[in-house]
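Text of query_36.cif, listed as mmCIF, C-alpha atoms and all ligand atoms:
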```cif
data_data
#
loop_
_atom_site.label_atom_id
_atom_site.label_comp_id
_atom_site.auth_asym_id
_atom_site.auth_seq_id
_atom_site.Cartn_x
_atom_site.Cartn_y
_atom_site.Cartn_z
CA MET A 1 -24.54 -0.73 15.15
CA LEU A 2 -22.34 1.99 13.78
CA CYS A 3 -19.99 4.31 15.58
CA GLU A 4 -19.46 7.82 14.31
CA GLY A 5 -17.56 7.61 11.08
CA GLY A 6 -19.37 4.51 9.95
CA VAL A 7 -16.98 2.09 11.64
CA PRO A 8 -18.99 -0.96 12.61
CA ILE A 9 -18.43 -1.90 16.21
CA GLY A 10 -21.25 -4.31 16.76
CA SER A 11 -19.46 -6.77 14.52
CA PRO A 12 -17.88 -9.75 16.22
CA ALA A 13 -14.53 -8.52 15.06
CA LEU A 14 -12.25 -6.03 16.66
CA VAL A 15 -12.35 -2.88 14.64
CA ALA A 16 -9.83 -0.10 15.04
CA CYS A 17 -11.70 3.09 15.59
CA GLY A 18 -9.82 6.33 15.44
CA GLY A 19 -6.93 5.36 17.70
CA PHE A 20 -4.31 8.06 18.23
CA ARG A 21 -0.73 7.71 19.36
CA GLY A 22 -0.52 7.61 23.10
CA SER A 23 -4.01 8.48 24.13
CA HIS A 24 -6.02 6.25 21.75
CA ARG A 25 -8.73 8.83 21.51
CA VAL A 26 -12.11 7.24 21.07
CA ARG A 27 -14.84 8.63 18.91
CA PRO A 28 -18.24 9.31 20.41
CA GLY A 29 -20.38 6.26 19.98
CA CYS A 30 -17.47 3.84 19.93
CA ALA A 31 -17.30 1.24 22.65
CA GLY A 32 -13.56 1.76 22.83
CA VAL A 33 -10.70 1.82 20.39
CA PHE A 34 -11.83 -1.73 19.71
CA ALA A 35 -15.11 -3.48 20.07
CA ARG A 36 -15.23 -6.98 21.42
CA ARG A 37 -17.88 -9.65 21.26
CA ASP A 38 -20.14 -9.93 24.26
CA ASP A 39 -18.38 -13.10 25.35
CA GLY A 40 -15.06 -11.26 25.10
CA ALA A 41 -13.64 -13.76 22.64
CA VAL A 42 -12.00 -12.43 19.54
CA SER A 43 -10.84 -15.11 17.23
CA PHE A 44 -9.98 -15.26 13.60
CA ASP A 45 -9.60 -18.42 11.54
CA ALA A 46 -7.27 -17.06 8.88
CA LEU A 47 -5.50 -14.15 7.28
CA LEU A 48 -6.21 -13.09 3.71
CA PHE A 49 -3.14 -11.49 2.10
CA LEU A 50 -4.72 -9.21 -0.48
CA SER A 51 -2.68 -7.61 -3.22
CA PHE A 52 -2.69 -6.10 -6.69
CA GLY A 53 -1.68 -9.08 -8.83
CA GLY A 54 0.46 -9.17 -11.93
CA PRO A 55 0.92 -11.18 -15.14
CA GLU A 56 3.04 -14.35 -15.25
CA GLY A 57 3.73 -14.37 -18.99
CA PRO A 58 3.43 -12.31 -22.19
CA GLU A 59 -0.05 -13.59 -23.06
CA GLU A 60 -1.35 -12.48 -19.66
CA VAL A 61 -0.20 -8.86 -19.94
CA ARG A 62 -3.13 -7.47 -21.94
CA PRO A 63 -5.92 -9.21 -20.01
CA PHE A 64 -4.25 -8.13 -16.76
CA LEU A 65 -4.10 -4.50 -17.91
CA GLU A 66 -7.74 -4.67 -19.02
CA ASN A 67 -8.66 -5.81 -15.51
CA VAL A 68 -6.66 -2.99 -13.87
CA THR A 69 -8.10 -0.23 -16.02
CA ARG A 70 -11.68 -1.42 -16.62
CA GLY A 71 -13.96 1.62 -16.50
CA ARG A 72 -11.13 4.01 -15.63
CA GLY A 73 -10.73 5.94 -18.87
CA VAL A 74 -7.06 5.07 -19.33
CA PRO A 75 -6.27 5.69 -23.02
CA PRO A 76 -5.23 2.67 -25.14
CA GLU A 77 -1.90 4.34 -25.98
CA ARG A 78 -1.03 4.35 -22.28
CA LEU A 79 -1.90 0.64 -22.08
CA ASP A 80 0.36 -0.09 -25.07
CA GLU A 81 3.17 1.75 -23.36
CA VAL A 82 2.68 -0.05 -20.04
CA ALA A 83 2.37 -3.41 -21.84
CA GLU A 84 5.84 -2.71 -23.29
CA HIS A 85 7.23 -2.25 -19.78
CA TYR A 86 5.89 -5.65 -18.75
CA LEU A 87 7.08 -7.31 -22.00
CA HIS A 88 10.52 -5.92 -21.30
CA PHE A 89 10.60 -8.38 -18.38
CA GLY A 90 9.18 -11.28 -20.39
CA GLY A 91 5.62 -10.34 -19.45
CA VAL A 92 6.27 -11.40 -15.86
CA SER A 93 5.67 -8.96 -13.04
CA PRO A 94 7.87 -9.62 -10.01
CA ILE A 95 4.96 -8.75 -7.74
CA ASN A 96 3.70 -12.31 -7.21
CA ARG A 97 7.11 -13.69 -6.27
CA LEU A 98 7.72 -10.72 -3.96
CA ASN A 99 4.37 -11.26 -2.28
CA GLN A 100 5.24 -14.97 -1.85
CA ASP A 101 8.49 -13.87 -0.17
CA ILE A 102 6.61 -11.57 2.20
CA MET A 103 4.11 -14.33 2.99
CA ALA A 104 6.98 -16.77 3.70
CA ALA A 105 8.52 -14.26 6.12
CA LEU A 106 5.09 -13.70 7.65
CA ARG A 107 4.58 -17.48 8.07
CA SER A 108 7.92 -17.76 9.90
CA GLU A 109 7.06 -14.84 12.15
CA LEU A 110 3.60 -16.24 12.94
CA ASP A 111 5.12 -19.68 13.67
CA ALA A 112 7.84 -18.16 15.84
CA GLN A 113 5.12 -16.49 17.91
CA GLY A 114 3.07 -19.70 18.08
CA ARG A 115 0.22 -18.27 16.03
CA ASP A 116 -1.27 -20.94 13.79
CA LEU A 117 -3.27 -18.57 11.59
CA PRO A 118 -3.44 -19.95 8.02
CA VAL A 119 -2.52 -17.40 5.34
CA TYR A 120 -4.50 -17.23 2.09
CA PHE A 121 -3.43 -15.22 -0.99
CA GLY A 122 -5.75 -13.33 -3.31
CA ASN A 123 -5.47 -10.41 -5.75
CA ARG A 124 -7.58 -7.63 -7.17
CA ASN A 125 -6.45 -7.90 -10.78
CA TRP A 126 -4.88 -11.29 -11.44
CA HIS A 127 -4.76 -14.91 -10.34
CA PRO A 128 -5.19 -16.04 -7.68
CA MET A 129 -8.21 -13.72 -7.83
CA VAL A 130 -9.65 -12.66 -4.49
CA GLU A 131 -13.09 -14.02 -5.42
CA ASP A 132 -11.64 -17.52 -5.90
CA THR A 133 -9.57 -17.28 -2.73
CA VAL A 134 -12.53 -16.22 -0.59
CA ALA A 135 -14.56 -19.06 -2.11
CA ARG A 136 -11.81 -21.49 -1.08
CA MET A 137 -11.64 -19.99 2.41
CA SER A 138 -15.37 -20.47 2.72
CA ALA A 139 -15.11 -24.09 1.54
CA ASP A 140 -12.31 -24.66 4.05
CA GLY A 141 -14.66 -23.55 6.81
CA VAL A 142 -13.17 -20.12 7.48
CA ARG A 143 -15.83 -18.05 9.24
CA ARG A 144 -13.93 -14.92 10.13
CA ALA A 145 -10.64 -13.67 8.75
CA LEU A 146 -8.39 -10.66 8.93
CA VAL A 147 -7.25 -9.05 5.69
CA PHE A 148 -3.82 -7.55 5.08
CA ALA A 149 -3.81 -5.37 1.94
CA THR A 150 -0.39 -4.55 0.51
CA SER A 151 -0.87 -0.80 0.49
CA ALA A 152 0.20 1.43 3.33
CA TRP A 153 -2.18 4.22 2.36
CA GLY A 154 -5.64 5.61 2.54
CA GLY A 155 -7.41 6.97 -0.50
CA TYR A 156 -9.16 5.14 -3.29
CA SER A 157 -6.50 2.89 -4.90
CA GLY A 158 -4.71 2.06 -1.67
CA CYS A 159 -7.63 1.52 0.68
CA LYS A 160 -11.18 1.96 -0.51
CA GLN A 161 -10.67 -0.15 -3.63
CA TYR A 162 -9.44 -2.99 -1.40
CA HIS A 163 -12.63 -2.61 0.62
CA GLU A 164 -14.55 -2.92 -2.65
CA ASP A 165 -12.54 -6.05 -3.50
CA ILE A 166 -13.48 -7.53 -0.12
CA ALA A 167 -17.17 -6.71 -0.59
CA ARG A 168 -17.19 -8.06 -4.18
CA ALA A 169 -15.49 -11.30 -3.18
CA ARG A 170 -17.97 -11.87 -0.34
CA GLU A 171 -20.85 -11.12 -2.62
CA SER A 172 -19.63 -13.59 -5.22
CA VAL A 173 -19.39 -16.31 -2.58
CA GLY A 174 -22.83 -15.42 -1.30
CA GLU A 175 -24.35 -16.94 1.79
CA GLY A 176 -21.81 -18.24 4.27
CA ALA A 177 -19.03 -16.01 3.01
CA PRO A 178 -16.51 -15.40 5.80
CA GLU A 179 -16.55 -12.15 7.65
CA LEU A 180 -13.53 -10.14 6.51
CA VAL A 181 -11.93 -7.47 8.65
CA LYS A 182 -9.27 -5.38 6.99
CA LEU A 183 -6.18 -4.35 8.95
CA ARG A 184 -5.54 -0.63 9.16
CA GLN A 185 -3.35 1.64 7.05
CA PHE A 186 0.26 1.30 8.16
CA PHE A 187 2.12 4.23 6.55
CA ASP A 188 3.07 5.56 9.99
CA HIS A 189 3.78 2.25 11.73
CA PRO A 190 7.20 2.51 13.42
CA LEU A 191 8.43 -0.71 11.80
CA PHE A 192 7.46 0.52 8.32
CA VAL A 193 9.15 3.85 8.94
CA GLU A 194 12.31 2.19 10.37
CA ALA A 195 12.58 -0.24 7.45
CA ASN A 196 12.33 2.64 4.98
CA ALA A 197 14.80 4.76 6.97
CA ASP A 198 17.41 1.98 6.98
CA ALA A 199 16.92 1.47 3.25
CA VAL A 200 17.51 5.20 2.68
CA ARG A 201 20.71 5.09 4.79
CA ALA A 202 21.95 2.11 2.76
CA ALA A 203 21.22 3.96 -0.49
CA PHE A 204 23.21 7.00 0.68
CA GLU A 205 26.10 4.64 1.48
CA ARG A 206 26.01 3.21 -2.03
CA LEU A 207 26.63 6.71 -3.39
CA GLY A 208 30.01 6.73 -1.68
CA GLU A 209 31.78 10.07 -1.98
CA ARG A 210 28.78 11.70 -3.60
CA ALA A 211 26.50 10.96 -0.64
CA GLY A 212 27.29 14.32 0.92
CA GLN A 213 25.94 16.16 -2.13
CA ALA A 214 22.88 13.96 -2.61
CA ARG A 215 19.28 15.10 -2.37
CA LEU A 216 16.72 12.76 -0.79
CA VAL A 217 13.63 12.35 -2.98
CA PHE A 218 10.58 10.33 -1.92
CA THR A 219 8.27 9.00 -4.60
CA ALA A 220 4.80 7.46 -4.63
CA HIS A 221 2.25 6.57 -7.29
CA SER A 222 0.54 9.64 -8.71
CA ILE A 223 -3.25 9.72 -8.60
CA PRO A 224 -5.80 12.02 -10.25
CA LEU A 225 -6.43 15.20 -8.24
CA ARG A 226 -10.11 14.35 -8.22
CA ALA A 227 -9.32 11.20 -6.26
CA GLU A 228 -7.86 13.50 -3.60
CA GLU A 229 -11.15 15.33 -3.01
CA PRO A 230 -13.14 12.92 -0.85
CA VAL A 231 -12.68 13.61 2.84
CA GLY A 232 -10.94 11.03 4.97
CA PRO A 233 -11.79 9.97 8.52
CA ASP A 234 -10.39 13.28 9.84
CA GLY A 235 -12.88 15.24 7.74
CA ARG A 236 -10.25 16.62 5.36
CA GLY A 237 -9.32 15.84 1.77
CA GLN A 238 -5.87 14.99 0.30
CA TRP A 239 -5.82 11.99 2.57
CA TYR A 240 -3.37 10.03 0.39
CA SER A 241 -0.90 12.81 -0.41
CA ARG A 242 -0.90 14.06 3.18
CA GLN A 243 -0.11 10.54 4.41
CA VAL A 244 2.70 10.20 1.86
CA ALA A 245 4.08 13.55 3.01
CA GLU A 246 3.85 12.43 6.63
CA ALA A 247 5.60 9.09 6.01
CA ALA A 248 8.34 10.96 4.12
CA ARG A 249 8.72 13.42 6.99
CA LEU A 250 9.04 10.58 9.51
CA VAL A 251 11.67 8.76 7.43
CA ALA A 252 13.60 11.97 6.71
CA GLU A 253 13.59 12.76 10.43
CA GLN A 254 14.99 9.31 11.27
CA VAL A 255 17.83 9.60 8.77
CA GLY A 256 18.53 13.19 9.78
CA ALA A 257 17.80 14.70 6.35
CA GLU A 258 16.91 18.36 6.67
CA THR A 259 15.87 18.85 3.07
CA TYR A 260 14.02 16.39 0.93
CA ASP A 261 11.28 16.35 -1.70
CA VAL A 262 8.10 14.37 -2.21
CA VAL A 263 7.30 13.67 -5.86
CA TRP A 264 5.10 11.34 -7.91
CA GLN A 265 5.46 8.69 -10.57
CA SER A 266 3.73 6.33 -12.99
CA ARG A 267 1.00 8.75 -13.99
CA SER A 268 -1.61 7.34 -16.35
CA GLY A 269 -4.97 8.61 -17.58
CA PRO A 270 -5.61 11.15 -20.34
CA PRO A 271 -3.17 14.11 -20.40
CA GLN A 272 -5.92 16.74 -19.88
CA VAL A 273 -6.82 15.23 -16.50
CA PRO A 274 -4.69 16.71 -13.67
CA TRP A 275 -2.74 14.28 -11.47
CA LEU A 276 -0.38 14.81 -8.52
CA GLU A 277 2.84 16.49 -9.67
CA PRO A 278 5.76 16.90 -10.14
CA ASP A 279 6.72 13.69 -11.86
CA ILE A 280 9.97 12.13 -10.64
CA VAL A 281 11.69 12.36 -14.03
CA ASP A 282 10.82 16.06 -14.46
CA HIS A 283 11.95 16.62 -10.90
CA ILE A 284 15.36 15.03 -11.49
CA GLU A 285 15.83 17.30 -14.54
CA ASP A 286 14.84 20.24 -12.39
CA LEU A 287 17.26 19.31 -9.62
CA HIS A 288 20.04 19.01 -12.16
CA ALA A 289 19.23 22.46 -13.52
CA LYS A 290 19.53 23.75 -9.96
CA GLY A 291 22.99 22.21 -9.64
CA VAL A 292 22.13 19.20 -7.47
CA ASP A 293 24.86 16.56 -7.88
CA SER A 294 23.08 13.32 -6.89
CA VAL A 295 19.78 11.84 -5.81
CA VAL A 296 18.72 9.14 -3.40
CA VAL A 297 15.25 7.97 -4.40
CA SER A 298 13.04 6.34 -1.78
CA PRO A 299 10.01 4.52 -3.25
CA ILE A 300 8.06 5.10 -0.05
CA GLY A 301 4.76 4.64 -1.95
CA PHE A 302 5.33 0.93 -2.57
CA VAL A 303 6.05 -2.07 -0.41
CA SER A 304 7.96 -4.16 -2.95
CA ASP A 305 10.15 -3.88 -6.03
CA HIS A 306 7.39 -4.51 -8.52
CA LEU A 307 7.15 -3.14 -12.02
CA GLU A 308 6.42 0.47 -11.13
CA VAL A 309 9.72 0.43 -9.22
CA ILE A 310 12.00 -1.59 -11.48
CA TRP A 311 10.81 0.15 -14.64
CA ASP A 312 9.75 3.67 -13.72
CA LEU A 313 12.56 4.20 -11.21
CA ASP A 314 15.43 1.80 -11.96
CA ASN A 315 15.05 2.46 -15.68
CA GLU A 316 13.46 5.82 -16.44
CA ALA A 317 14.44 7.86 -13.40
CA ALA A 318 17.92 6.32 -13.19
CA GLU A 319 18.47 7.09 -16.87
CA ALA A 320 17.34 10.70 -16.44
CA ALA A 321 19.94 11.10 -13.68
CA GLN A 322 22.77 9.27 -15.41
CA GLU A 323 22.28 11.13 -18.70
CA ARG A 324 23.01 14.30 -16.75
CA GLY A 325 25.99 12.87 -14.92
CA MET A 326 24.12 12.79 -11.62
CA GLY A 327 24.70 10.12 -9.01
CA PHE A 328 21.62 7.94 -8.47
CA ALA A 329 20.76 5.40 -5.79
CA ARG A 330 17.33 3.88 -5.31
CA ALA A 331 16.48 2.76 -1.79
CA ALA A 332 15.01 -0.70 -1.25
CA THR A 333 11.30 -1.10 -0.58
CA ALA A 334 10.19 -2.12 2.92
CA GLY A 335 8.74 -5.52 1.98
CA THR A 336 12.05 -7.37 2.06
CA ASP A 337 12.94 -6.06 5.52
CA PRO A 338 12.23 -8.60 8.30
CA ARG A 339 10.50 -5.80 10.20
CA PHE A 340 7.78 -5.74 7.57
CA ALA A 341 6.53 -9.25 8.47
CA ARG A 342 6.81 -8.34 12.15
CA MET A 343 4.69 -5.28 11.48
CA ILE A 344 1.96 -7.41 9.87
CA VAL A 345 1.90 -9.62 12.97
CA GLU A 346 1.62 -6.51 15.15
CA LEU A 347 -1.32 -5.32 13.06
CA ILE A 348 -2.92 -8.73 13.53
CA ALA A 349 -2.29 -8.61 17.29
CA GLU A 350 -4.13 -5.27 17.48
CA HIS A 351 -7.25 -7.32 16.71
CA THR A 352 -6.53 -10.70 18.28
CA ASP A 353 -4.79 -9.57 21.46
CA GLY A 354 -5.91 -5.98 21.86
CA ALA A 355 -2.27 -5.01 21.34
CA PRO A 356 -1.53 -1.27 21.31
CA VAL A 357 -1.95 0.64 18.05
CA ARG A 358 1.65 1.68 17.36
CA LYS A 359 1.82 4.68 15.09
CA LEU A 360 4.06 7.70 14.73
CA SER A 361 1.65 10.27 13.32
CA GLU A 362 -1.44 12.05 14.56
CA PHE A 363 -3.57 10.73 11.71
CA PRO A 364 -6.48 8.64 12.95
CA ALA A 365 -5.83 4.91 12.66
CA ALA A 366 -8.08 4.28 9.69
CA GLY A 367 -8.76 1.70 7.04
CA SER A 368 -9.96 -1.10 9.27
CA THR A 369 -13.56 -2.02 8.78
CA ALA A 370 -15.55 -5.21 8.35
CA ASN A 371 -16.83 -6.60 5.05
CA GLY A 372 -15.84 -3.63 2.91
CA GLU A 373 -17.75 -0.95 4.79
CA PRO A 374 -16.37 2.55 4.23
CA CYS A 375 -14.27 4.09 7.02
CA ALA A 376 -16.25 7.30 7.14
CA PRO A 377 -19.18 8.74 5.23
CA GLY A 378 -17.96 9.70 1.77
CA CYS A 379 -14.48 8.30 2.39
C1 LIG B 1 -1.94 4.79 -5.38
C2 LIG B 1 -1.52 3.60 -6.24
C3 LIG B 1 -0.71 2.55 -5.86
C4 LIG B 1 -0.02 2.38 -4.51
C5 LIG B 1 -0.90 1.67 -3.54
C6 LIG B 1 -0.98 0.17 -3.78
O1 LIG B 1 0.06 -0.49 -3.78
O2 LIG B 1 -2.09 -0.32 -4.00
C7 LIG B 1 -0.61 1.67 -6.99
C8 LIG B 1 0.10 0.45 -7.00
C9 LIG B 1 0.32 -0.37 -8.11
N1 LIG B 1 -0.04 -0.10 -9.41
C10 LIG B 1 0.35 -1.17 -10.19
C11 LIG B 1 0.13 -1.30 -11.57
C12 LIG B 1 -0.71 -0.48 -12.32
N2 LIG B 1 -1.38 0.65 -11.88
C13 LIG B 1 -2.12 1.17 -12.93
C14 LIG B 1 -2.95 2.29 -12.89
C15 LIG B 1 -3.18 3.11 -11.78
N3 LIG B 1 -2.60 3.01 -10.53
C16 LIG B 1 -3.10 3.99 -9.70
C17 LIG B 1 -2.74 4.23 -8.36
C18 LIG B 1 -1.92 3.38 -7.59
N4 LIG B 1 -1.33 2.21 -8.02
C19 LIG B 1 -4.05 4.74 -10.46
C20 LIG B 1 -4.84 5.90 -9.92
C21 LIG B 1 -4.09 4.20 -11.74
C22 LIG B 1 -4.97 4.63 -12.89
C23 LIG B 1 -6.06 3.65 -13.14
C24 LIG B 1 -6.95 3.49 -11.94
O3 LIG B 1 -7.61 4.49 -11.54
O4 LIG B 1 -6.99 2.41 -11.36
C25 LIG B 1 -1.92 0.35 -14.07
C26 LIG B 1 -2.59 0.52 -15.42
C27 LIG B 1 -1.68 1.08 -16.43
C28 LIG B 1 -1.28 2.49 -16.08
O5 LIG B 1 -2.11 3.35 -16.28
O6 LIG B 1 -0.17 2.65 -15.59
C29 LIG B 1 -1.04 -0.67 -13.69
C30 LIG B 1 -0.50 -1.78 -14.55
C31 LIG B 1 0.98 -2.17 -9.36
C32 LIG B 1 1.51 -3.53 -9.83
C33 LIG B 1 2.86 -3.43 -10.49
C34 LIG B 1 3.30 -4.76 -11.03
O7 LIG B 1 2.58 -5.42 -11.78
O8 LIG B 1 4.41 -5.19 -10.71
C35 LIG B 1 0.95 -1.67 -8.07
C36 LIG B 1 1.44 -2.35 -6.82
FE FE B 2 -1.15 1.56 -10.00
#
```
Output the file's structure as structure tokens, nothing else.
Ligand SMILES: CC1=C(CCC(=O)O)c2cc3nc(cc4[nH]c(cc5[nH]c(cc1n2)c(C)c5CCC(=O)O)c(CCC(=O)O)c4C)C(CCC(=O)O)=C3C
Ligand SMILES: [Fe+2]
Amino acid sequence: MLCEGGVPIGSPALVACGGFRGSHRVRPGCAGVFARRDDGAVSFDALLFLSFGGPEGPEEVRPFLENVTRGRGVPPERLDEVAEHYLHFGGVSPINRLNQDIMAALRSELDAQGRDLPVYFGNRNWHPMVEDTVARMSADGVRRALVFATSAWGGYSGCKQYHEDIARARESVGEGAPELVKLRQFFDHPLFVEANADAVRAAFERLGERAGQARLVFTAHSIPLRAEEPVGPDGRGQWYSRQVAEAARLVAEQVGAETYDVVWQSRSGPPQVPWLEPDIVDHIEDLHAKGVDSVVVSPIGFVSDHLEVIWDLDNEAAEAAQERGMGFARAATAGTDPRFARMIVELIAEHTDGAPVRKLSEFPAAGSTANGEPCAPGC
């Protein structure tokens, strides 16, 4: 059975279905914000922590990049350039270690709350690959699991592609594959917003005397404009960039910043293809030309200090600022904040306990479906 928007509600799992702040508006055809099994029981055997993956040594860089860009038309010159960034750090992306840290914090939080949910780790692009992890879950007897994907956003790369990963992994396991229910997008979760706001405050403090003259700049991964066209669960396009803008607005509001910018980074793809702009480095040059003294950069688009952050921001963007004598402070990502693990447990509790859907924006609570189903037709 499908509710409007393609969200399966006849599945044994709880599936978030268009919940809104406060009123939890329910779509026609939905049995409620959540659907429960007839016997009322909602249980999950495990959590799959699903992420991007990254190389662990120089010889893994190329094959990893081939996996990321397969069929995407990213020119080889761009791959050479990105390979250099990884090789700069010995071919080791920090992403795996950072994800292990988040999972350790999550384990502690689950234990503290007496939740004995086992946590499995799988990636889209590198080992442990999600296909292998789901096979192991199946062999361990996991029948039904929740999935936390390490992206806060809707859109293709941040949400739909994770649904595809889930579907592909289940398909590769075949019969008896566990049912996998993805947790929702969390860009507007109060704990995510608070963690980012505190990180921005701390970055302003690091600027010392220059803090008063600093401009707040939010950055997220650029995507091709074409990827912005499909409509999201609210029937409109630009789902990703509108969510980024909304998260930035919420963080800026919490820190009391009246002016701020939202810009993009880490563009790839052939130059003739339009992507979200402006680029952070161009933007810093522009701010300098306008007489701005300093910048505080918030990498709101990412949950941990992986390569796109430590290279594209701490190296390239920082250099662009310093070359011009501008003050530069990069805010921490939310993943290291203890509130991030607490947020994951809250997202879990939305399904296991019928806990309220806490969110600060009016966007529908989207991104949670079973077995890789799309959120909405065409989404
Ligand atoms: C929206 C978005 C997020 C945020 C949401 C989320 O977190 O999921 C994100 C995260 C990440 N992107 C990452 C790395 C890469 N992204 C690439 C390429 C691309 N990203 C895209 C988008 C996004 N990417 C797109 C549209 C492409 C073009 C190719 C394609 O259409 O798929 C490439 C290929 C080379 C290049 O072209 O740069 C690499 C190596 C890493 C890991 C870093 C590490 O290893 O530490 C992370 C967390
Ligand atoms: Fe990326």
### Query
Using all atoms listed in the file, which of the listed residues (A:Met129, A:Asp279, A:Pro270, A:Trp239) sits closest to Arg78 of chain A?
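Looking at the shortest contact to Arg78 of chain A, the residue is A:Pro270.
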Please build the interface table for segment 113-157 of chain A against segment 293-313 of chain A with a cut-off of 10 Å, listing for each qualifying residue the nearest atom pair and the distance in Å to one decimal; count all atoms listed in the file, order rows by chain and increasing number, and write it as JSON lines.
```
{"residue": "A:Thr150", "atom": "CA", "partner": "A:Val303", "partner_atom": "CA", "distance": 7.0}
{"residue": "A:Ser151", "atom": "CA", "partner": "A:Val303", "partner_atom": "CA", "distance": 7.1}
{"residue": "A:Ala152", "atom": "CA", "partner": "A:Gly301", "partner_atom": "CA", "distance": 7.7}
{"residue": "A:Trp153", "atom": "CA", "partner": "A:Gly301", "partner_atom": "CA", "distance": 8.2}
```
Generate the output file for the selected residues, C-alpha atoms, as a compact mmCIF listing (two decimals), in the coordinates of the input.
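Below is the file selection_35.txt, written as the result:
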```txt
# COMPACT_ATOMS: atom_id res chain seq x y z
CA THR A 150 -0.39 -4.55 0.51
CA SER A 151 -0.87 -0.80 0.49
CA ALA A 152 0.20 1.43 3.33
CA TRP A 153 -2.18 4.22 2.36
```
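Between ligand FE 2 (chain B) and the residues A:Phe204, A:Phe121, A:Phe89, A:Tyr156, the shortest atom-to-atom distance, using all atoms listed in the file, involves A:Tyr156.
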Set up a box along x, y and z of the file covering all listed atoms of ligand LIG 1 (chain B), add 5 Å on every one of the six sides, and write the centre and edge lengths in Å to one decimal, as AutoDock Vina command-line options.
```
--center_x -1.6 --center_y 0.2 --center_z -10.0 --size_x 22.0 --size_y 21.3 --size_z 22.9
```
Around ligand LIG 1 (chain B), at most 6 Å away and counting all atoms listed in the file, which residues are there? Put them as an mmCIF file with C-alpha atoms, in the coordinates of the input, please.
```cif
data_model
loop_
_atom_site.group_PDB
_atom_site.id
_atom_site.type_symbol
_atom_site.label_atom_id
_atom_site.label_comp_id
_atom_site.auth_asym_id
_atom_site.auth_seq_id
_atom_site.Cartn_x
_atom_site.Cartn_y
_atom_site.Cartn_z
ATOM 1 C CA PHE A 52 -2.690 -6.100 -6.690
ATOM 2 C CA GLY A 54 0.460 -9.170 -11.930
ATOM 3 C CA LEU A 65 -4.100 -4.500 -17.910
ATOM 4 C CA VAL A 68 -6.660 -2.990 -13.870
ATOM 5 C CA THR A 69 -8.100 -0.230 -16.020
ATOM 6 C CA ARG A 72 -11.130 4.010 -15.630
ATOM 7 C CA LEU A 79 -1.900 0.640 -22.080
ATOM 8 C CA VAL A 82 2.680 -0.050 -20.040
ATOM 9 C CA SER A 93 5.670 -8.960 -13.040
ATOM 10 C CA PRO A 94 7.870 -9.620 -10.010
ATOM 11 C CA ILE A 95 4.960 -8.750 -7.740
ATOM 12 C CA THR A 150 -0.390 -4.550 0.510
ATOM 13 C CA SER A 151 -0.870 -0.800 0.490
ATOM 14 C CA SER A 157 -6.500 2.890 -4.900
ATOM 15 C CA GLY A 158 -4.710 2.060 -1.670
ATOM 16 C CA HIS A 221 2.250 6.570 -7.290
ATOM 17 C CA ILE A 223 -3.250 9.720 -8.600
ATOM 18 C CA SER A 266 3.730 6.330 -12.990
ATOM 19 C CA SER A 268 -1.610 7.340 -16.350
ATOM 20 C CA GLY A 301 4.760 4.640 -1.950
ATOM 21 C CA PHE A 302 5.330 0.930 -2.570
ATOM 22 C CA HIS A 306 7.390 -4.510 -8.520
ATOM 23 C CA LEU A 307 7.150 -3.140 -12.020
ATOM 24 C CA GLU A 308 6.420 0.470 -11.130
#
```
#### Entry: Residues within 12 Å of (-3.0, -12.9, 19.0), counting all atoms listed in the file, listed as a list in words
Leu14, Ala41, Val42, Ser43, Phe44, Asp45, Ala46, Leu110, Asp111, Gln113, Gly114, Arg115, Asp116, Leu117, Leu146, Ile344, Val345, Glu346, Leu347, Ile348, Ala349, Glu350, His351, Thr352, Asp353, Gly354, Ala355 and Pro356 of chain A
### Task
Tell me which of A:Gly208, A:Pro190, A:Gly378, A:Pro278 sits closest to Leu360 of chain A, counting only C-alpha atoms.
A:Pro190
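Shortest separation to ligand FE 2 (chain B) among A:Val273, A:Ala202, A:Ala220, A:Ala365 occurs at residue A:Ala220, atoms counted being all atoms listed in the file.
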### Query
Quick one, how far is atom CA of Glu175 of chain A from atom CA of Pro374 of chain A?
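The value is 21.2 Å.
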### Length of the atom CA of Ser51 of chain A to atom CA of Val130 of chain A vector [Å]
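These atoms are spaced 8.7 Å apart.
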### Task
Can you pull out every residue within 10 Å of Arg242 of chain A, counting all atoms listed in the file, but drop anything in the same chain fewer than 4 positions away, and send it as a PyMOL selection string?
chain A and resi 153-154+228+236-238+246-248+363
